[in-house]
Amino acid sequence: MATIEAKVIEDIPANRLIALGGINSEGNPEEGWETIYLKASELGWIPDMVTSLELEKDSFVDVSIKNNPIWKVEASQNLPAGTLVMCDVDGRVKNYNPSQGNHIGYTTHSVEAGDVVSIVRKYGSMPDNQVEASGFNPKEFEPKKAKEKEREVEGLGELTNDELKAILDEKGIEYNAKATKKELIALLGGD
């Protein structure tokens with residue numbers, strides 16, 4: 001185990017993935033010459049560590065670096081057990097999406113968004129041929145086979161505007177309240 005002192009450059013909640021910052025992390029290379037910085041990892045990054053405590057901006061903390069293969073990290077979405085995960089925009093974990101960066105491990109149990117999940121660290125990215133074989137479509141958030149997507153879209157014309165808006169709300173897709181049925185269907189990937 002090693003211990004280092006580092007400066008926290010932003011407020012970081014507990015159970016978030018952390019990245020080490022370099023010499024110009026705060027725009028002050030002179031201070032950065034002798035300072036190690038900590039910040040929340042960003043989308044697709046391979047994190048350097050995880051914090052178990054809340055970290056306050058501008059504080060100096062002692063960091064103990066351990067070789068623990070299991071990290072406890074907050075999930076940014078619902079995750080089933082055994083899910084390959086990646087770093088999300090704010091140091092939490094989400095489903096792995098090959099077009100957004102590297103995977104960092106897999107979950108040991110299911111969890112709901114906002115809860116802490118144990119992940120077994122396993123870094124890497126998926127080769128292109130494996131991405132294609134998996135049926136993953138980078139234009140969509142989750143992997144789906146093209147035929148399943150077509151079947152979903154075909155039935156949209158039978159739904160009311162209110163039903164279409166409810167689906168858009170569930171998916172977090174913004175729409176104009178006065179949108180036509182055709183416009184709502186287009187937002188859901190239909191013609």
# chains A, B, ... in the order shown; residues from 1 in each chain; ligands from 1
>>> select_by_dssp(residues="chain A", states="helix (DSSP H, G or I)", output="compact mmCIF listing (two decimals) with N, CA and C atoms, in the first residue's frame")
# COMPACT_ATOMS: atom_id res chain seq x y z
N PRO A 29 0.54 25.86 -13.48
CA PRO A 29 1.61 24.87 -13.62
C PRO A 29 2.66 24.96 -12.52
N GLU A 30 2.83 26.14 -11.97
CA GLU A 30 3.83 26.28 -10.91
C GLU A 30 3.43 25.47 -9.67
N GLU A 31 2.16 25.59 -9.23
CA GLU A 31 1.70 24.79 -8.11
C GLU A 31 1.68 23.31 -8.51
N GLY A 32 1.24 23.05 -9.73
CA GLY A 32 1.09 21.68 -10.20
C GLY A 32 2.38 20.89 -10.31
N PRO A 98 -19.49 0.43 -26.24
CA PRO A 98 -18.18 0.48 -26.90
C PRO A 98 -17.87 1.80 -27.61
N SER A 99 -18.88 2.51 -28.07
CA SER A 99 -18.62 3.76 -28.79
C SER A 99 -18.28 4.91 -27.84
N GLN A 100 -18.42 4.70 -26.51
CA GLN A 100 -18.19 5.79 -25.56
C GLN A 100 -16.90 5.63 -24.74
N ASP A 128 -13.74 -4.52 -32.62
CA ASP A 128 -14.84 -4.21 -33.55
C ASP A 128 -15.62 -5.45 -33.98
N ASN A 129 -14.92 -6.56 -34.27
CA ASN A 129 -15.63 -7.76 -34.73
C ASN A 129 -16.53 -8.33 -33.63
N GLN A 130 -16.13 -8.15 -32.37
CA GLN A 130 -16.95 -8.61 -31.26
C GLN A 130 -18.16 -7.69 -31.07
N VAL A 131 -17.98 -6.39 -31.30
CA VAL A 131 -19.08 -5.43 -31.22
C VAL A 131 -20.13 -5.79 -32.27
N GLU A 132 -19.69 -6.04 -33.51
CA GLU A 132 -20.61 -6.40 -34.58
C GLU A 132 -21.34 -7.71 -34.28
N ALA A 133 -20.62 -8.70 -33.79
CA ALA A 133 -21.22 -10.00 -33.49
C ALA A 133 -22.24 -9.91 -32.36
N ALA A 146 -31.52 -5.45 -35.06
CA ALA A 146 -32.24 -4.56 -35.98
C ALA A 146 -33.70 -4.97 -36.15
N LYS A 147 -33.99 -6.27 -36.23
CA LYS A 147 -35.37 -6.72 -36.42
C LYS A 147 -36.24 -6.36 -35.23
N GLU A 148 -35.71 -6.45 -34.02
CA GLU A 148 -36.47 -6.07 -32.83
C GLU A 148 -36.81 -4.59 -32.90
N LYS A 149 -35.88 -3.78 -33.33
CA LYS A 149 -36.09 -2.34 -33.43
C LYS A 149 -37.17 -2.05 -34.47
N GLU A 150 -37.13 -2.75 -35.61
CA GLU A 150 -38.14 -2.54 -36.65
C GLU A 150 -39.53 -2.87 -36.13
N ARG A 151 -39.67 -3.99 -35.39
CA ARG A 151 -40.97 -4.37 -34.84
C ARG A 151 -41.49 -3.32 -33.86
N GLU A 152 -40.59 -2.74 -33.07
CA GLU A 152 -40.99 -1.68 -32.14
C GLU A 152 -41.55 -0.50 -32.89
N VAL A 153 -40.88 -0.09 -33.96
CA VAL A 153 -41.25 1.11 -34.71
C VAL A 153 -42.53 0.90 -35.50
N GLU A 154 -42.76 -0.32 -36.03
CA GLU A 154 -43.94 -0.60 -36.85
C GLU A 154 -45.23 -0.31 -36.10
N GLY A 155 -45.32 -0.61 -34.83
CA GLY A 155 -46.55 -0.44 -34.07
C GLY A 155 -46.79 0.97 -33.56
N LEU A 156 -45.88 1.89 -33.80
CA LEU A 156 -46.03 3.24 -33.27
C LEU A 156 -47.22 3.99 -33.88
N GLY A 157 -47.54 3.72 -35.14
CA GLY A 157 -48.64 4.40 -35.80
C GLY A 157 -49.99 4.10 -35.18
N GLU A 158 -50.10 2.99 -34.46
CA GLU A 158 -51.35 2.60 -33.83
C GLU A 158 -51.56 3.29 -32.47
N ASN A 161 -51.27 10.10 -29.53
CA ASN A 161 -50.22 11.09 -29.23
C ASN A 161 -49.81 11.02 -27.77
N ASP A 162 -50.79 10.87 -26.87
CA ASP A 162 -50.47 10.79 -25.45
C ASP A 162 -49.62 9.56 -25.14
N GLU A 163 -49.91 8.42 -25.78
CA GLU A 163 -49.11 7.21 -25.57
C GLU A 163 -47.69 7.40 -26.10
N LEU A 164 -47.57 8.04 -27.26
CA LEU A 164 -46.25 8.32 -27.83
C LEU A 164 -45.45 9.25 -26.92
N LYS A 165 -46.11 10.27 -26.38
CA LYS A 165 -45.44 11.20 -25.47
C LYS A 165 -44.99 10.49 -24.19
N ALA A 166 -45.78 9.55 -23.71
CA ALA A 166 -45.41 8.79 -22.51
C ALA A 166 -44.14 7.97 -22.77
N ILE A 167 -44.04 7.38 -23.96
CA ILE A 167 -42.84 6.61 -24.32
C ILE A 167 -41.64 7.54 -24.40
N LEU A 168 -41.82 8.70 -25.02
CA LEU A 168 -40.72 9.67 -25.12
C LEU A 168 -40.28 10.13 -23.72
N ASP A 169 -41.25 10.34 -22.83
CA ASP A 169 -40.91 10.73 -21.45
C ASP A 169 -40.10 9.64 -20.77
N GLU A 170 -40.52 8.37 -20.94
CA GLU A 170 -39.79 7.23 -20.33
C GLU A 170 -38.35 7.17 -20.82
N LYS A 171 -38.16 7.47 -22.11
CA LYS A 171 -36.82 7.38 -22.70
C LYS A 171 -36.01 8.65 -22.48
N LYS A 181 -48.33 13.73 -34.61
CA LYS A 181 -48.08 12.30 -34.42
C LYS A 181 -46.87 11.85 -35.24
N LYS A 182 -46.78 12.35 -36.46
CA LYS A 182 -45.66 12.00 -37.33
C LYS A 182 -44.33 12.45 -36.71
N GLU A 183 -44.30 13.66 -36.14
CA GLU A 183 -43.08 14.17 -35.49
C GLU A 183 -42.71 13.34 -34.27
N LEU A 184 -43.71 12.93 -33.49
CA LEU A 184 -43.45 12.10 -32.30
C LEU A 184 -42.88 10.74 -32.71
N ILE A 185 -43.45 10.15 -33.74
CA ILE A 185 -42.97 8.85 -34.23
C ILE A 185 -41.54 8.98 -34.74
N ALA A 186 -41.24 10.07 -35.44
CA ALA A 186 -39.88 10.29 -35.95
C ALA A 186 -38.86 10.36 -34.80
N LEU A 187 -39.26 10.98 -33.70
CA LEU A 187 -38.36 11.06 -32.54
C LEU A 187 -38.08 9.68 -31.95
>>> residues_around(residues="Asp115 in chain A", least_positions_apart="5", cutoff="12 Å", atoms="only C-alpha atoms", output="list in words")
Ala14, Asn15, Arg16, Lys72, Val73, Glu74, Ala75, Ser76, Gln77, Asn78, Leu79, Arg92, Val93, Lys94, His109 and Ser110 of chain A
>>> write_last_selection(atoms="N, CA and C atoms", output="short mmCIF file (atom, residue, chain, number, x, y, z; two decimals), in the first residue's frame")
data_model
loop_
_atom_site.label_atom_id
_atom_site.label_comp_id
_atom_site.auth_asym_id
_atom_site.auth_seq_id
_atom_site.Cartn_x
_atom_site.Cartn_y
_atom_site.Cartn_z
N ALA A 14 -18.99 10.52 -2.15
CA ALA A 14 -18.41 9.21 -1.84
C ALA A 14 -18.81 8.19 -2.92
N ASN A 15 -18.01 7.15 -3.05
CA ASN A 15 -18.26 6.04 -3.98
C ASN A 15 -18.29 6.48 -5.44
N ARG A 16 -17.35 7.36 -5.78
CA ARG A 16 -17.20 7.80 -7.17
C ARG A 16 -15.80 7.43 -7.66
N LYS A 72 -16.44 -0.34 -4.77
CA LYS A 72 -17.84 -0.01 -4.53
C LYS A 72 -18.09 1.36 -5.12
N VAL A 73 -18.98 1.42 -6.14
CA VAL A 73 -19.21 2.64 -6.91
C VAL A 73 -20.70 2.87 -7.07
N GLU A 74 -21.09 4.14 -7.06
CA GLU A 74 -22.50 4.49 -7.28
C GLU A 74 -22.86 4.25 -8.74
N ALA A 75 -24.04 3.66 -8.97
CA ALA A 75 -24.54 3.40 -10.32
C ALA A 75 -25.37 4.58 -10.80
N SER A 76 -25.21 4.96 -12.06
CA SER A 76 -26.00 6.06 -12.62
C SER A 76 -27.28 5.55 -13.29
N GLN A 77 -27.43 4.22 -13.37
CA GLN A 77 -28.63 3.63 -13.95
C GLN A 77 -28.83 2.25 -13.34
N ASN A 78 -30.00 1.65 -13.55
CA ASN A 78 -30.24 0.30 -13.07
C ASN A 78 -29.30 -0.66 -13.80
N LEU A 79 -28.68 -1.56 -13.03
CA LEU A 79 -27.72 -2.50 -13.61
C LEU A 79 -28.00 -3.91 -13.10
N ARG A 92 -19.63 7.93 -11.80
CA ARG A 92 -20.47 6.77 -11.46
C ARG A 92 -20.29 5.72 -12.56
N VAL A 93 -20.93 4.56 -12.43
CA VAL A 93 -20.83 3.53 -13.46
C VAL A 93 -22.17 3.36 -14.17
N LYS A 94 -22.07 2.93 -15.44
CA LYS A 94 -23.23 2.69 -16.29
C LYS A 94 -22.94 1.51 -17.20
N HIS A 109 -23.63 -7.87 -8.44
CA HIS A 109 -25.03 -8.01 -8.05
C HIS A 109 -25.83 -6.94 -8.78
N SER A 110 -27.15 -7.08 -8.79
CA SER A 110 -28.00 -6.08 -9.44
C SER A 110 -28.14 -4.87 -8.52
#
>>> residues_around(residues="range 50-63 of chain A", least_positions_apart="5", cutoff="7 Å", atoms="only C-alpha atoms", output="PyMOL selection string")
chain A and resi 3-18+71
>>> select_by_dssp(residues="range 29-175 of chain A", states="strand (DSSP E)", output="VMD selection string")
chain A and resid 37 to 40 49 to 50 60 to 65 70 to 74 84 to 87 93 to 95 103 to 107 116 to 124
>>> atom_distance(atom1="CA of Pro80 in chain A", atom2="CA of Ala113 in chain A")
10.8 Å
>>> closest_residue(among="A:Ser125, A:Asn67, A:Ser41, A:Thr108", to="Gly91 in chain A", atoms="only C-alpha atoms")
A:Ser41
>>> residues_around(residues="Leu38 in chain A", least_positions_apart="3", cutoff="6 Å", atoms="only C-alpha atoms", output="PyMOL selection string")
chain A and resi 8+19-21
>>> write_last_selection(atoms="C-alpha atoms", output="mmCIF file, in the first residue's frame")
data_model
loop_
_atom_site.group_PDB
_atom_site.id
_atom_site.type_symbol
_atom_site.label_atom_id
_atom_site.label_comp_id
_atom_site.auth_asym_id
_atom_site.auth_seq_id
_atom_site.Cartn_x
_atom_site.Cartn_y
_atom_site.Cartn_z
ATOM 1 C CA VAL A 8 -9.188 17.841 -4.575
ATOM 2 C CA ALA A 19 -8.798 10.370 -11.872
ATOM 3 C CA LEU A 20 -5.409 11.852 -11.081
ATOM 4 C CA GLY A 21 -4.848 15.304 -12.536
#
>>> closest_residue(among="A:Thr160, A:Asn95, A:Lys122, A:Met86", to="Gly44 in chain A", atoms="only C-alpha atoms")
A:Met86
>>> atom_distance(atom1="CA of Asn97 in chain A", atom2="CA of Val85 in chain A")
8.2 Å
>>> residues_around(residues="Trp45 in chain A", least_positions_apart="2", cutoff="9 Å", atoms="only C-alpha atoms", output="PyMOL selection string")
chain A and resi 19+41-43+47+86-88+101-104
>>> write_last_selection(atoms="C-alpha atoms", output="PDB file, in the first residue's frame")
ATOM      1  CA  ALA A  19      -8.798  10.370 -11.872  1.00  0.00           C
ATOM      2  CA  SER A  41     -13.451  10.437 -13.728  1.00  0.00           C
ATOM      3  CA  GLU A  42     -15.342  11.274 -16.894  1.00  0.00           C
ATOM      4  CA  LEU A  43     -17.277   9.303 -19.508  1.00  0.00           C
ATOM      5  CA  PRO A  47     -10.220   5.605 -13.439  1.00  0.00           C
ATOM      6  CA  MET A  86     -17.873   1.850 -17.786  1.00  0.00           C
ATOM      7  CA  CYS A  87     -17.271   5.216 -16.177  1.00  0.00           C
ATOM      8  CA  ASP A  88     -20.118   7.707 -16.629  1.00  0.00           C
ATOM      9  CA  GLY A 101     -14.901   4.427 -24.232  1.00  0.00           C
ATOM     10  CA  ASN A 102     -13.480   1.556 -22.212  1.00  0.00           C
ATOM     11  CA  HIS A 103     -15.076  -0.897 -19.834  1.00  0.00           C
ATOM     12  CA  ILE A 104     -13.712  -0.964 -16.303  1.00  0.00           C
TER      13      ILE A 104
END
>>> decode(residues="range 68-105 of chain A", atoms="N, CA and C atoms", output="CSV table (one decimal), in the first residue's frame")
chain,number,residue,atom,x,y,z
A,68,ASN,N,-7.0,-3.4,-4.4
A,68,ASN,CA,-8.2,-4.1,-4.2
A,68,ASN,C,-8.9,-4.3,-5.5
A,69,PRO,N,-9.2,-5.6,-5.9
A,69,PRO,CA,-9.8,-5.9,-7.2
A,69,PRO,C,-11.3,-5.6,-7.2
A,70,ILE,N,-11.9,-5.3,-6.1
A,70,ILE,CA,-13.4,-5.0,-6.1
A,70,ILE,C,-13.5,-3.5,-5.5
A,71,TRP,N,-14.3,-2.7,-6.3
A,71,TRP,CA,-14.6,-1.4,-5.9
A,71,TRP,C,-16.1,-1.2,-5.7
A,72,LYS,N,-16.4,-0.3,-4.8
A,72,LYS,CA,-17.8,0.0,-4.5
A,72,LYS,C,-18.1,1.4,-5.1
A,73,VAL,N,-19.0,1.4,-6.1
A,73,VAL,CA,-19.2,2.6,-6.9
A,73,VAL,C,-20.7,2.9,-7.1
A,74,GLU,N,-21.1,4.1,-7.1
A,74,GLU,CA,-22.5,4.5,-7.3
A,74,GLU,C,-22.9,4.2,-8.7
A,75,ALA,N,-24.0,3.7,-9.0
A,75,ALA,CA,-24.5,3.4,-10.3
A,75,ALA,C,-25.4,4.6,-10.8
A,76,SER,N,-25.2,5.0,-12.1
A,76,SER,CA,-26.0,6.1,-12.6
A,76,SER,C,-27.3,5.5,-13.3
A,77,GLN,N,-27.4,4.2,-13.4
A,77,GLN,CA,-28.6,3.6,-14.0
A,77,GLN,C,-28.8,2.2,-13.3
A,78,ASN,N,-30.0,1.7,-13.6
A,78,ASN,CA,-30.2,0.3,-13.1
A,78,ASN,C,-29.3,-0.7,-13.8
A,79,LEU,N,-28.7,-1.6,-13.0
A,79,LEU,CA,-27.7,-2.5,-13.6
A,79,LEU,C,-28.0,-3.9,-13.1
A,80,PRO,N,-28.2,-4.9,-14.0
A,80,PRO,CA,-28.3,-6.3,-13.5
A,80,PRO,C,-26.9,-6.9,-13.1
A,81,ALA,N,-27.0,-8.0,-12.4
A,81,ALA,CA,-25.8,-8.6,-12.0
A,81,ALA,C,-25.0,-9.1,-13.2
A,82,GLY,N,-23.7,-9.0,-13.2
A,82,GLY,CA,-22.8,-9.4,-14.3
A,82,GLY,C,-22.7,-8.5,-15.5
A,83,THR,N,-23.2,-7.2,-15.3
A,83,THR,CA,-23.2,-6.2,-16.4
A,83,THR,C,-21.8,-5.7,-16.5
A,84,LEU,N,-21.3,-5.6,-17.7
A,84,LEU,CA,-20.0,-5.0,-18.0
A,84,LEU,C,-20.3,-3.5,-17.9
A,85,VAL,N,-19.5,-2.7,-17.2
A,85,VAL,CA,-19.7,-1.3,-16.9
A,85,VAL,C,-18.6,-0.4,-17.3
A,86,MET,N,-18.9,0.8,-17.4
A,86,MET,CA,-17.9,1.9,-17.8
A,86,MET,C,-18.1,3.1,-16.9
A,87,CYS,N,-17.2,4.0,-16.9
A,87,CYS,CA,-17.3,5.2,-16.2
A,87,CYS,C,-18.3,6.1,-16.9
A,88,ASP,N,-19.2,6.7,-16.1
A,88,ASP,CA,-20.1,7.7,-16.6
A,88,ASP,C,-19.6,9.1,-16.4
A,89,VAL,N,-20.3,10.1,-16.8
A,89,VAL,CA,-19.8,11.5,-16.9
A,89,VAL,C,-19.4,12.1,-15.5
A,90,ASP,N,-19.9,11.5,-14.4
A,90,ASP,CA,-19.7,12.1,-13.1
A,90,ASP,C,-19.0,11.1,-12.1
A,91,GLY,N,-18.3,10.1,-12.6
A,91,GLY,CA,-17.6,9.2,-11.8
A,91,GLY,C,-18.4,8.0,-11.3
A,92,ARG,N,-19.6,7.9,-11.8
A,92,ARG,CA,-20.5,6.8,-11.5
A,92,ARG,C,-20.3,5.7,-12.6
A,93,VAL,N,-20.9,4.6,-12.4
A,93,VAL,CA,-20.8,3.5,-13.5
A,93,VAL,C,-22.2,3.4,-14.2
A,94,LYS,N,-22.1,2.9,-15.4
A,94,LYS,CA,-23.2,2.7,-16.3
A,94,LYS,C,-22.9,1.5,-17.2
A,95,ASN,N,-24.0,1.0,-17.9
A,95,ASN,CA,-23.8,0.0,-18.9
A,95,ASN,C,-22.6,0.3,-19.9
A,96,TYR,N,-21.8,-0.6,-20.2
A,96,TYR,CA,-20.7,-0.4,-21.2
A,96,TYR,C,-21.3,-0.2,-22.6
A,97,ASN,N,-20.8,0.8,-23.2
A,97,ASN,CA,-21.2,1.2,-24.6
A,97,ASN,C,-19.9,1.4,-25.4
A,98,PRO,N,-19.5,0.4,-26.2
A,98,PRO,CA,-18.2,0.5,-26.9
A,98,PRO,C,-17.9,1.8,-27.6
A,99,SER,N,-18.9,2.5,-28.1
A,99,SER,CA,-18.6,3.8,-28.8
A,99,SER,C,-18.3,4.9,-27.8
A,100,GLN,N,-18.4,4.7,-26.5
A,100,GLN,CA,-18.2,5.8,-25.6
A,100,GLN,C,-16.9,5.6,-24.7
A,101,GLY,N,-16.1,4.6,-25.0
A,101,GLY,CA,-14.9,4.4,-24.2
A,101,GLY,C,-14.7,3.0,-23.8
A,102,ASN,N,-13.9,2.9,-22.7
A,102,ASN,CA,-13.5,1.6,-22.2
A,102,ASN,C,-14.4,1.0,-21.1
A,103,HIS,N,-14.4,-0.3,-21.0
A,103,HIS,CA,-15.1,-0.9,-19.8
A,103,HIS,C,-14.1,-1.0,-18.7
A,104,ILE,N,-14.6,-1.0,-17.5
A,104,ILE,CA,-13.7,-1.0,-16.3
A,104,ILE,C,-14.0,-2.1,-15.4
A,105,GLY,N,-15.0,-2.9,-15.7
A,105,GLY,CA,-15.3,-4.1,-14.8
A,105,GLY,C,-16.7,-4.6,-15.0
